[in-house]
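A.B. asks: For reference, this is run.cif, and it has mmCIF, C-alpha atoms.
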```
data_target
#
loop_
_atom_site.label_atom_id
_atom_site.label_comp_id
_atom_site.auth_asym_id
_atom_site.auth_seq_id
_atom_site.Cartn_x
_atom_site.Cartn_y
_atom_site.Cartn_z
CA MET V 1 17.39 40.95 -1.18
CA ASN V 2 19.23 43.42 -3.43
CA GLY V 3 19.98 43.05 -7.12
CA LYS V 4 23.49 41.68 -6.58
CA ASP V 5 22.25 38.98 -4.22
CA LEU V 6 19.50 38.02 -6.66
CA LEU V 7 22.02 37.66 -9.49
CA GLU V 8 24.29 35.53 -7.32
CA LYS V 9 21.38 33.33 -6.25
CA GLN V 10 20.32 32.89 -9.88
CA LYS V 11 23.88 31.96 -10.90
CA ILE V 12 24.04 29.30 -8.18
CA ARG V 13 20.69 27.93 -9.32
CA GLU V 14 21.81 27.80 -12.96
CA ASP V 15 24.97 25.92 -11.99
CA ILE V 16 22.92 23.39 -10.00
CA VAL V 17 20.49 22.90 -12.87
CA GLN V 18 23.31 22.31 -15.35
CA GLU V 19 25.05 19.84 -13.04
CA ILE V 20 21.88 17.81 -12.41
CA HIS V 21 20.97 17.77 -16.10
CA GLU V 22 24.40 16.36 -16.90
CA LYS V 23 24.03 13.65 -14.26
CA PHE V 24 20.49 12.74 -15.33
CA PRO V 25 20.38 13.35 -19.10
CA ASP V 26 17.42 11.04 -19.72
CA ILE V 27 15.01 13.05 -17.56
CA VAL V 28 12.83 15.69 -19.20
CA TRP V 29 13.08 18.58 -16.76
CA PRO V 30 10.44 21.34 -16.80
CA VAL V 31 11.54 24.98 -16.69
CA PRO V 32 9.18 26.62 -14.16
CA ILE V 33 8.57 30.36 -14.24
CA LEU V 34 6.21 32.71 -12.43
CA GLU V 35 4.04 34.85 -14.70
CA PRO V 36 1.63 37.67 -13.78
CA ILE V 37 -2.10 37.09 -14.22
CA PHE V 38 -4.46 39.60 -15.86
CA PHE V 39 -8.23 39.89 -16.15
CA GLY V 40 -10.52 41.89 -18.42
CA ARG V 41 -11.23 41.60 -22.15
CA PHE V 42 -9.73 44.87 -23.38
CA ASP V 43 -8.03 46.88 -20.64
CA LYS V 44 -6.23 44.04 -18.93
CA THR V 45 -5.79 44.56 -15.21
CA PRO V 46 -3.20 42.60 -13.23
CA VAL V 47 -4.47 40.28 -10.50
CA ILE V 48 -2.84 41.42 -7.28
CA ASP V 49 -0.89 38.90 -5.20
CA ARG V 50 -1.32 36.05 -7.69
CA HIS V 51 1.03 34.42 -10.19
CA LEU V 52 0.78 31.56 -12.66
CA VAL V 53 3.38 28.79 -12.43
CA LEU V 54 4.04 27.37 -15.87
CA ASP V 55 6.65 25.46 -17.83
CA LYS V 56 8.57 27.91 -19.98
CA THR V 57 9.45 25.16 -22.49
CA THR V 58 6.04 23.57 -23.05
CA GLY V 59 3.64 26.24 -21.79
CA ASN V 60 1.99 23.72 -19.44
CA GLN V 61 0.21 25.58 -16.66
CA PHE V 62 0.90 24.11 -13.24
CA ASP V 63 -0.84 26.27 -10.64
CA VAL V 64 -1.91 29.74 -9.48
CA VAL V 65 0.02 30.82 -6.38
CA SER V 66 0.37 33.83 -4.11
CA SER V 67 3.22 36.32 -4.36
CA GLN V 68 4.70 34.74 -1.20
CA TYR V 69 5.29 31.46 -3.03
CA SER V 70 8.96 30.45 -3.35
CA LEU V 71 9.81 28.56 -6.52
CA ILE V 72 12.08 25.64 -5.58
CA TYR V 73 13.40 23.81 -8.63
CA HIS V 74 13.26 20.01 -8.78
CA GLU V 75 16.95 20.10 -9.62
CA GLU V 76 17.73 21.99 -6.39
CA VAL V 77 15.86 19.39 -4.34
CA LEU V 78 17.76 16.51 -5.95
CA SER V 79 21.07 18.36 -5.58
CA ASN V 80 20.42 18.83 -1.85
CA LEU V 81 19.67 15.12 -1.51
CA LEU V 82 22.92 14.11 -3.22
CA LYS V 83 24.96 16.46 -1.04
CA ALA V 84 23.29 15.28 2.16
CA ILE V 85 24.02 11.55 1.75
CA PRO V 86 26.56 10.48 4.42
CA GLU V 87 29.67 8.81 3.01
CA GLU V 88 29.19 5.75 5.21
CA PHE V 89 25.88 5.02 3.48
CA GLY V 90 27.84 3.89 0.42
CA GLU V 91 27.14 4.66 -3.23
CA PRO V 92 23.40 5.28 -3.69
CA ASP V 93 21.20 4.20 -6.59
CA ILE V 94 19.23 7.30 -7.60
CA LYS V 95 15.98 7.21 -9.53
CA ALA V 96 14.30 10.42 -10.71
CA MET V 97 10.70 10.47 -11.95
CA MET V 98 8.37 13.18 -13.22
CA PHE V 99 4.58 13.10 -13.01
CA LYS V 100 1.83 15.40 -14.25
CA SER V 101 3.95 16.77 -17.11
CA GLY V 102 6.73 17.64 -14.70
CA ALA V 103 4.57 19.40 -12.12
CA ARG V 104 5.46 16.74 -9.55
CA ALA V 105 8.83 15.04 -9.04
CA THR V 106 9.81 12.03 -6.95
CA PHE V 107 13.41 11.12 -6.24
CA ILE V 108 14.36 7.76 -4.72
CA ALA V 109 17.76 7.03 -3.24
CA ALA V 110 18.39 3.35 -2.50
CA PHE V 111 21.36 2.24 -0.40
CA PRO V 112 22.22 -1.37 -1.28
CA GLU V 113 25.17 -1.38 1.16
CA LEU V 114 22.91 -0.73 4.18
CA LYS V 115 21.46 -4.20 4.73
CA GLN V 116 20.91 -4.24 8.46
CA PHE V 117 17.22 -5.11 8.66
CA GLU V 118 15.42 -8.32 7.75
CA VAL V 119 12.08 -9.97 8.46
CA GLN V 120 11.62 -13.75 8.40
CA GLY V 121 14.95 -14.16 6.61
CA SER V 122 14.25 -11.61 3.87
CA GLU V 123 16.96 -9.01 3.23
CA THR V 124 16.00 -5.39 2.91
CA GLU V 125 17.30 -2.20 1.35
CA VAL V 126 17.10 1.25 2.92
CA GLU V 127 15.34 3.76 0.73
CA PHE V 128 14.95 7.51 1.00
CA ARG V 129 12.29 9.42 -0.96
CA LEU V 130 12.07 13.11 -1.67
CA ARG V 131 9.20 14.91 -3.38
CA ASN V 132 8.67 18.35 -4.80
CA SER V 133 5.93 19.93 -6.89
CA TYR V 134 5.09 23.07 -8.82
CA ASP V 135 1.33 22.61 -8.42
CA ARG V 136 1.09 22.13 -4.63
CA SER V 137 0.01 18.51 -5.14
CA ALA V 138 2.93 17.59 -2.86
CA TYR V 139 4.84 19.80 -0.48
CA LEU V 140 8.60 19.52 -0.47
CA ASN V 141 8.84 16.41 1.70
CA TYR V 142 10.92 13.36 2.46
CA SER V 143 10.22 9.90 3.85
CA ALA V 144 12.56 7.10 4.86
CA GLY V 145 11.75 3.42 4.64
CA VAL V 146 12.92 -0.06 3.77
CA LYS V 147 12.16 -2.23 0.76
CA GLU V 148 12.14 -6.00 1.16
CA LEU V 149 14.28 -7.69 -1.48
CA VAL V 150 12.02 -10.59 -2.37
CA CYS V 151 11.85 -10.77 -6.16
CA THR V 152 9.73 -7.80 -7.25
CA ASN V 153 7.98 -7.40 -3.94
CA GLY V 154 8.58 -4.00 -2.36
CA LEU V 155 7.56 -3.89 1.27
CA ARG V 156 7.98 -0.49 2.90
CA ALA V 157 7.36 1.03 6.30
CA PHE V 158 7.05 4.67 7.21
CA ARG V 159 6.48 6.22 10.58
CA GLU V 160 5.30 9.77 11.09
CA LYS V 161 8.57 10.83 12.71
CA ASP V 162 10.41 9.66 9.58
CA ARG V 163 8.69 12.35 7.55
CA ASN V 164 9.01 16.07 7.21
CA SER V 165 7.65 18.63 4.80
CA ALA V 166 7.69 22.32 3.99
CA LYS V 167 5.32 24.49 2.03
CA HIS V 168 6.80 26.72 -0.66
CA ILE V 169 5.99 29.76 1.48
CA GLY V 170 7.83 31.61 4.22
CA GLU V 171 10.95 30.82 6.20
CA LYS V 172 10.49 27.07 6.55
CA ILE V 173 11.17 26.38 2.90
CA THR V 174 14.55 28.12 3.06
CA SER V 175 15.61 26.15 6.13
CA PHE V 176 14.57 22.72 4.82
CA HIS V 177 17.97 21.02 4.97
CA LEU V 178 18.31 17.24 4.91
CA GLY V 179 21.63 17.15 6.72
CA ASP V 180 21.49 14.70 9.63
CA LYS V 181 17.92 13.66 8.87
CA LEU V 182 19.24 10.72 6.84
CA LYS V 183 21.25 9.36 9.74
CA ALA V 184 18.44 9.97 12.22
CA SER V 185 15.99 8.15 9.95
CA LEU V 186 17.93 4.90 10.39
CA GLU V 187 17.03 4.85 14.08
CA ASN V 188 13.38 5.44 13.18
CA ILE V 189 13.50 2.67 10.58
CA SER V 190 14.88 0.42 13.28
CA ASP V 191 11.78 1.17 15.35
CA SER V 192 9.60 0.26 12.36
CA HIS V 193 11.58 -2.95 11.93
CA LYS V 194 10.68 -3.98 15.48
CA ILE V 195 7.01 -3.40 14.62
CA TRP V 196 7.30 -5.65 11.55
CA LEU V 197 8.81 -8.44 13.64
CA GLY V 198 5.80 -8.14 15.93
CA TRP V 199 3.42 -8.28 12.96
CA ALA V 200 5.08 -11.51 11.76
CA LYS V 201 4.02 -13.17 15.03
CA MET V 202 0.64 -11.43 15.33
CA LYS V 203 -2.11 -13.89 14.41
CA ILE V 204 -5.46 -12.42 13.39
CA SER V 205 -8.91 -13.90 12.87
CA GLU V 206 -10.63 -14.22 9.50
CA SER V 207 -12.98 -11.35 10.31
CA GLU V 208 -10.06 -9.15 11.41
CA LYS V 209 -8.22 -10.00 8.20
CA ILE V 210 -11.18 -8.89 6.05
CA THR V 211 -11.67 -5.72 8.10
CA VAL V 212 -8.04 -4.72 7.62
CA VAL V 213 -8.09 -5.50 3.89
CA GLU V 214 -11.23 -3.39 3.44
CA ALA V 215 -9.44 -0.44 5.08
CA LEU V 216 -6.62 -0.53 2.52
CA PRO V 217 -6.48 2.11 -0.27
CA TYR V 218 -7.62 -0.30 -2.97
CA SER V 219 -10.91 -0.63 -4.82
CA ALA V 220 -13.26 -3.51 -4.03
CA ASN V 221 -12.07 -5.42 -7.11
CA GLU V 222 -8.44 -4.84 -6.19
CA GLN V 223 -9.09 -6.06 -2.65
CA GLU V 224 -10.50 -9.31 -4.06
CA ARG V 225 -7.38 -9.77 -6.20
CA LEU V 226 -5.20 -8.93 -3.19
CA LEU V 227 -6.73 -11.78 -1.17
CA GLU V 228 -5.94 -14.26 -3.95
CA LEU V 229 -2.35 -13.17 -4.72
CA PRO V 230 0.22 -15.98 -4.35
CA LEU V 231 2.52 -14.29 -1.81
CA ILE V 232 6.18 -14.36 -2.81
CA ASN V 233 7.50 -14.33 0.74
CA HIS V 234 4.95 -16.87 2.01
CA SER V 235 5.84 -19.79 -0.30
CA GLY V 236 3.13 -18.81 -2.79
CA VAL V 237 0.26 -19.16 -0.31
CA SER V 238 -2.44 -16.51 -0.75
CA LEU V 239 -3.89 -14.48 2.08
CA LYS V 240 -7.24 -16.10 1.31
CA ASP V 241 -5.84 -19.62 1.80
CA MET V 242 -3.56 -18.83 4.74
CA LYS V 243 -4.53 -21.12 7.61
CA GLU V 244 -3.20 -18.81 10.31
CA PRO V 245 -3.18 -15.28 8.84
CA THR V 246 -0.91 -12.72 10.45
CA MET V 247 -0.67 -8.95 10.24
CA TRP V 248 2.61 -9.44 8.35
CA GLY V 249 0.73 -11.59 5.83
CA VAL V 250 -1.73 -8.76 5.22
CA PHE V 251 1.19 -6.33 4.90
CA SER V 252 2.86 -8.64 2.38
CA ALA V 253 -0.30 -8.90 0.29
CA ALA V 254 -1.02 -5.17 0.51
CA THR V 255 2.43 -4.18 -0.69
CA GLN V 256 2.79 -6.93 -3.29
CA MET V 257 -0.52 -5.73 -4.73
CA VAL V 258 1.18 -2.39 -5.40
CA HIS V 259 2.97 -4.02 -8.33
CA GLU V 260 -0.40 -4.76 -9.96
CA ILE V 261 -1.07 -1.01 -10.22
CA LYS V 262 -0.15 0.60 -13.54
CA SER V 263 0.16 4.21 -12.36
CA GLU V 264 3.64 4.79 -10.90
CA GLU V 265 2.41 7.80 -8.95
CA ARG V 266 -0.44 5.85 -7.38
CA LYS V 267 1.99 3.07 -6.47
CA PHE V 268 4.08 5.45 -4.38
CA ASP V 269 1.02 6.96 -2.71
CA ILE V 270 -0.31 3.52 -1.75
CA GLU V 271 3.06 2.34 -0.43
CA GLU V 272 3.19 5.28 1.94
CA LYS V 273 -0.40 4.88 3.15
CA VAL V 274 -0.41 1.13 3.78
CA PRO V 275 1.96 0.97 6.81
CA ASP V 276 0.04 3.61 8.74
CA ILE V 277 -3.26 1.83 8.04
CA LEU V 278 -1.77 -1.47 9.19
CA LYS V 279 -0.30 0.08 12.34
CA ARG V 280 -3.65 1.62 13.31
CA ALA V 281 -5.37 -1.72 12.71
CA ALA V 282 -2.75 -3.62 14.74
CA ASP V 283 -3.04 -1.15 17.62
CA LYS V 284 -6.82 -1.52 17.59
CA ILE V 285 -6.64 -5.31 17.61
CA THR V 286 -4.05 -5.48 20.42
CA GLY V 287 -5.37 -2.51 22.37
#
```
Re-express the file's structure as C-alpha cells.

C.D. replies:
Amino acid sequence: MNGKDLLEKQKIREDIVQEIHEKFPDIVWPVPILEPIFFGRFDKTPVIDRHLVLDKTTGNQFDVVSSQYSLIYHEEVLSNLLKAIPEEFGEPDIKAMMFKSGARATFIAAFPELKQFEVQGSETEVEFRLRNSYDRSAYLNYSAGVKELVCTNGLRAFREKDRNSAKHIGEKITSFHLGDKLKASLENISDSHKIWLGWAKMKISESEKITVVEALPYSANEQERLLELPLINHSGVSLKDMKEPTMWGVFSAATQMVHEIKSEERKFDIEEKVPDILKRAADKITG
C-alpha cells in the first residue's frame, strides 16, 4: 500500500471514529496505537517483529503483537455493524460497553420489532453481539441469539453456525464483513428455537439435573444458589423444588443466575457458554 492509499485509509478511519463518537458520546473510547519495543539498558535495540499496543490517551498497555497484526478500531467494528443491519429488522437498540480499560469492547444490537420466537408463551427479542479487542482476549467475532422477555431474565441460545470470528492477522480480518450474516442468523436462531421447544418437554431425573448443573460455568456456591432461585418463568418454583424438572427448567435457572453475577464481562461469557453445555447434556441424555 503506497503513501496515498495509507492517507486515504487513515482519513476514512478518522471520519468513522468521529461519527461513532458523536453517536455514542457517553462511551470512553481508547485511542490504540502501535509502538516499537526496545531492549537493553543503555544502547537500546529494537525488538524485531514485535509492537506494543497501548492507549495513546491513558498510556494503558494492552498487548505485545507481531508486525503482521492489523489494528482494527472498536469504532470501525461498531460502524460496520450499524451499516450491516437490514432495514426490515427495524430500528435497533444499540448498547456499547468497554472492559479491561478499553482493551475489550462488546456491542449489542437488540431488535424489538423482530418478535417471532417464543417458548411457553414468553416473548423474545433477537439480539446480535459483536466483540473486538486490542489485547487478543477476544477475536473480532459475532454471535446471534434471542433474549426471553420475562422481567429481568435473559435467556439466550447460540449455535456454533451462528458464530464467526477473525484474528487481527492476515487476509481474513480485511474480509470480515457482516453483510447477509444478520439475515442468515435468523434461520439459525429458528433452529435453536426448535431445540428450546424440545427442552421444554424434556423431563430429566434428579440425578441428571444435578449432573447438568454441576457442568455449568458457576462455582459450587453459585450452583447451590442456582438450584434455589425462584424461577420467573416457572411461577416462582425453584429448580430444587420442581416436581418434574425439565431441561428448559435448568436452562431457565442457569440463565437467570447470570443476573446474580456482578461482573458484566463474566455475564456475557456465561450466557454464551450455557446453551452449548445444555445442548451437549441433552444430546447425551437422549442419545

A.B. asks: Could you write out as a PyMOL selection string the residues that the PyMOL selection byres ((chain V and resi 66) around 8) matches in the shown file?

C.D. replies: chain V and resi 49-51+64-65+67-69

A.B. asks: Rank nothing, just name the residue among V:Thr246, V:Glu148, V:His193, V:Pro112 nearest to Glu91 (chain V), using all atoms listed in the file.

C.D. replies: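 Ranked by minimum distance to Glu91 (chain V), first place goes to V:Pro112.
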
A.B. asks: Just how far from CA of Glu123 (chain V) is CA of Asn80 (chain V), in Å to one decimal?

C.D. replies: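 Separating CA of Asn80 (chain V) from CA of Glu123 (chain V) is a distance of 28.5 Å.
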
A.B. asks: Region 234-240 of chain V: which residues within 12 Å, counting all atoms listed in the file, same-chain residues fewer than 2 positions away excluded, as number ranges by chain?

C.D. replies: V: 119-122, 150, 153, 200, 204-207, 209-210, 212-213, 223-232, 242-254, 256-257

A.B. asks: Give me, please, the distance in Å between CA of Ala144 (chain V) and CA of Ile189 (chain V), quoted to one decimal.

C.D. replies: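 Between CA of Ala144 (chain V) and CA of Ile189 (chain V) the gap works out to 7.3 Å.
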
A.B. asks: Mind checking which residues fall within 9 Å of Tyr73 (chain V), counting only C-alpha atoms, ignoring those fewer than 6 positions away in the same chain, and posting them as a list in words?

C.D. replies: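 Listing them by chain and then by number gives Arg13, Val17, Val31, Pro32, Asn132, Ser133 and Tyr134 of chain V.
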
A.B. asks: Apply the PyMOL selection byres ((chain V and resi 282) around 10) to the displayed file and report the matching residues as a ChimeraX atom specification.

C.D. replies: /V:195,198-199,202,204,208,212,247,276-281,283-287
